[in-house]
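Peer 1: Take a look at the following structure, please.
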Amino acid sequence: MAAKFAFFPPNPPSYKLVTDDRTGLLLLSPYPHRENVEVLKLPTRRGTEIVAIYIRHPMATSTLLYSHGNAADLGQMYELFIELSIHLRVNLMGYDYSGYGQSSGKPSEQNTYADIEAAYKCLEESYGTRQEDVILYGQSVGSGPTLDLAAKLPQLRAVVLHSPILSGLRVMYPVKRTYWFDIYKNIDKIPLVNCPVLIIHGTSDEVVDCSHGKQLWELCKEKYEPLWLKGGNHCNLEQYPEYIRHLKKFISTVEKSPSQRYSSRRSTDQYEQPRKSTDILFEVSRKSTDRREKPRHSTDRAEKLKNQFSNVDKLEKLRISFDHMERSRRSVDCHEKSRKSIDHQLERGRKSVDRLDRIRTG
């Protein structure tokens with residue numbers, strides 16, 4: 001029963017799949033071709049063929065695998081995917097579920113699980129993406145395949161759940177237990193996810209109540225500060241400035257090593273203690289990280305380089321200062337040695353005079 005109400009692929013699809021006569025590349029029509037975007041057809045283990053796009057970012061250290069929401073396809077998500085790749089500085093793969101867009105087959109829960117597995121396999125085999133560099137992103141119904149895959153991948157970098165569901169049946173009825181015929185049993189799968197999880201939900205969501213997101217957050221093993229967007233509904237969260245700002249901060253955090261993540265969570269009281277010379281160097285690095293977490297504009301690249309050069313200058317000044325102190329110390333040591341040498345020579349001279357006096361008086 002839940003499955004009948006779960007899937008609403010756009011009809012007709014918002015795009016067509018065409019082959020460029022000159023290059024032989026697949027293109028999404030009517031969207032203009034971009035050099036950093038590849039359009040793919042991927043076979044799944046259930047016999048369907050899905051359409052996916054892969055967006056490269058030259059400075060990316062993470063790859064976002066995005067499972068979109070209901071009543072959407074790649075054509076409708078295309079511009080958002082481009083913007084997310086730019087602003088978050090990530091590679092991004094998005095895909096259409098079986099029966100959505102120009103993907104073959106019919107939509108079903110099991111097909112979506114096979115679909116996301118095909119997209120993830122493509123990342124590993126075609127692009128050399130490592131599991132620990134992947135961030136899974138699931139929006140609405142996309143939280144289902146996202147958590148199903150996340151529960152099977154113990155070394156994932158992170159998971160983002162955008163207006164997620166507890167389960168398909170719980171969207172329609174406030175049931176207190178999981179039934180065998182329910183679909184997308186996220187409530188049972190999220191405790192199995194081992195990586196940091198960010199949950200974003202609008203407080204005025206009339207499709208999937210915000211309580212779904214809050215209950216999933218309570219069940220997370222590794223919770224990250226959630227984003228409850230006041231007044232946000234089911235389809236407009238990307239329009240809030242806090243949305244992209246919080247996502248940037250999250251990705252910046254999970255891209256650090258676990259020890260660095262722990263360090264960044266420590267109380268700021270520790271930084272109020274008297275600092276040693278190494279603390280000063282750490283403070284320069286921390287301020288540089290803070291700059292990267294601020295909202296980025298089109299001039300980010302130049303700004304980042306300027307900040308890097310500024311930090312290099314600071315470090316160079318510190319190095320010069322330390323070198324100067326070292327030279328001063330060595331100079332003092334040299335003077336000290338010279339003074340001791342003179343004292344020694346005077347002492348020897350005094351003893352010699354004493355001997356002459358004793359000989360003369362004798």
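If you're wondering about the labels, chains in the structure tokens are A, B, ... by order shown, residues count from 1 in each chain, ligands from 1 in order shown.
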Skip range 45-62 of chain A itself and residues of its chain fewer than 3 positions away, then list as a ChimeraX atom specification all residues within 9 Å of it, counting only C-alpha atoms.
Peer 2: /A:17,36-42,74,78,81-82,85-86,88-106,110-111,114-115,117-119,123,129,132-135,157,251,255
Peer 1: Kindly assemble as a Markdown table a list of the range 74-149 of chain A residues that lie within 12 Å of range 202-224 of chain A, each paired with its nearest atom pair and their distance in Å to one decimal, using only C-alpha atoms, sorted first by chain and then by ascending residue number.
Peer 2:
| residue | atom | partner | partner_atom | distance |
| --- | --- | --- | --- | --- |
| A:Gln139 | CA | A:Val208 | CA | 11.1 |
| A:Ser140 | CA | A:Val208 | CA | 7.9 |
| A:Val141 | CA | A:Val208 | CA | 9.9 |
| A:Ser143 | CA | A:Gly213 | CA | 10.6 |
| A:Leu147 | CA | A:Leu216 | CA | 11.0 |
Peer 1: Please write the residues from the selection above to a file, keeping N, CA, C and O atoms, as a PDB file, in the first residue's frame.
Peer 2:
ATOM      1  N   GLN A 139      17.490  13.262  -0.083  1.00  0.00           N
ATOM      2  CA  GLN A 139      16.414  14.221   0.116  1.00  0.00           C
ATOM      3  C   GLN A 139      15.065  13.515   0.079  1.00  0.00           C
ATOM      4  O   GLN A 139      14.747  12.805  -0.877  1.00  0.00           O
ATOM      5  N   SER A 140      14.266  13.696   1.136  1.00  0.00           N
ATOM      6  CA  SER A 140      12.914  13.153   1.194  1.00  0.00           C
ATOM      7  C   SER A 140      12.920  11.636   0.960  1.00  0.00           C
ATOM      8  O   SER A 140      13.551  10.902   1.703  1.00  0.00           O
ATOM      9  N   VAL A 141      12.267  11.167  -0.106  1.00  0.00           N
ATOM     10  CA  VAL A 141      12.263   9.729  -0.385  1.00  0.00           C
ATOM     11  C   VAL A 141      13.677   9.220  -0.650  1.00  0.00           C
ATOM     12  O   VAL A 141      13.980   8.043  -0.427  1.00  0.00           O
ATOM     13  N   SER A 143      16.127   9.690   1.135  1.00  0.00           N
ATOM     14  CA  SER A 143      16.743   9.255   2.391  1.00  0.00           C
ATOM     15  C   SER A 143      16.684   7.735   2.528  1.00  0.00           C
ATOM     16  O   SER A 143      17.493   7.140   3.250  1.00  0.00           O
ATOM     17  N   LEU A 147      20.162   5.782   3.293  1.00  0.00           N
ATOM     18  CA  LEU A 147      20.436   5.071   4.545  1.00  0.00           C
ATOM     19  C   LEU A 147      20.627   3.580   4.333  1.00  0.00           C
ATOM     20  O   LEU A 147      21.386   2.938   5.071  1.00  0.00           O
TER      21      LEU A 147
END
Peer 1: Report the residues of range 7-122 of chain A whose backbone DSSP state falls under strand (DSSP E), written as an MDAnalysis selection string.
Peer 2: chainID A and resid 16:19 26:29 37:43 49:55 63:67 91:95
Peer 1: List as a list in words the protein and nucleic acid residues near Thr178 in chain A, meaning an atom at most 9 Å away when only C-alpha atoms are counted, but skip any in the same chain fewer than 2 places from it.
Peer 2: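 The neighbour list is Ser167, Leu169, Arg170, Val175, Lys176, Trp180, Phe181, Asp182, Lys185, Ile187 and Asp188 of chain A.
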Peer 1: Store the residues picked out above in a file with C-alpha atoms, as an mmCIF file, in the first residue's frame.
Peer 2:
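Result went into result-v6.cif, see below:
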data_model
loop_
_atom_site.group_PDB
_atom_site.id
_atom_site.type_symbol
_atom_site.label_atom_id
_atom_site.label_comp_id
_atom_site.auth_asym_id
_atom_site.auth_seq_id
_atom_site.Cartn_x
_atom_site.Cartn_y
_atom_site.Cartn_z
ATOM 1 C CA SER A 167 9.462 5.181 6.909
ATOM 2 C CA LEU A 169 4.009 4.246 6.216
ATOM 3 C CA ARG A 170 4.861 6.731 8.972
ATOM 4 C CA VAL A 175 2.182 4.161 13.622
ATOM 5 C CA LYS A 176 4.307 3.205 16.624
ATOM 6 C CA TRP A 180 6.492 -5.981 7.283
ATOM 7 C CA PHE A 181 4.762 -4.226 4.368
ATOM 8 C CA ASP A 182 6.265 -0.814 5.195
ATOM 9 C CA LYS A 185 12.419 1.604 7.167
ATOM 10 C CA ILE A 187 14.025 4.279 11.614
ATOM 11 C CA ASP A 188 15.584 0.798 11.821
#
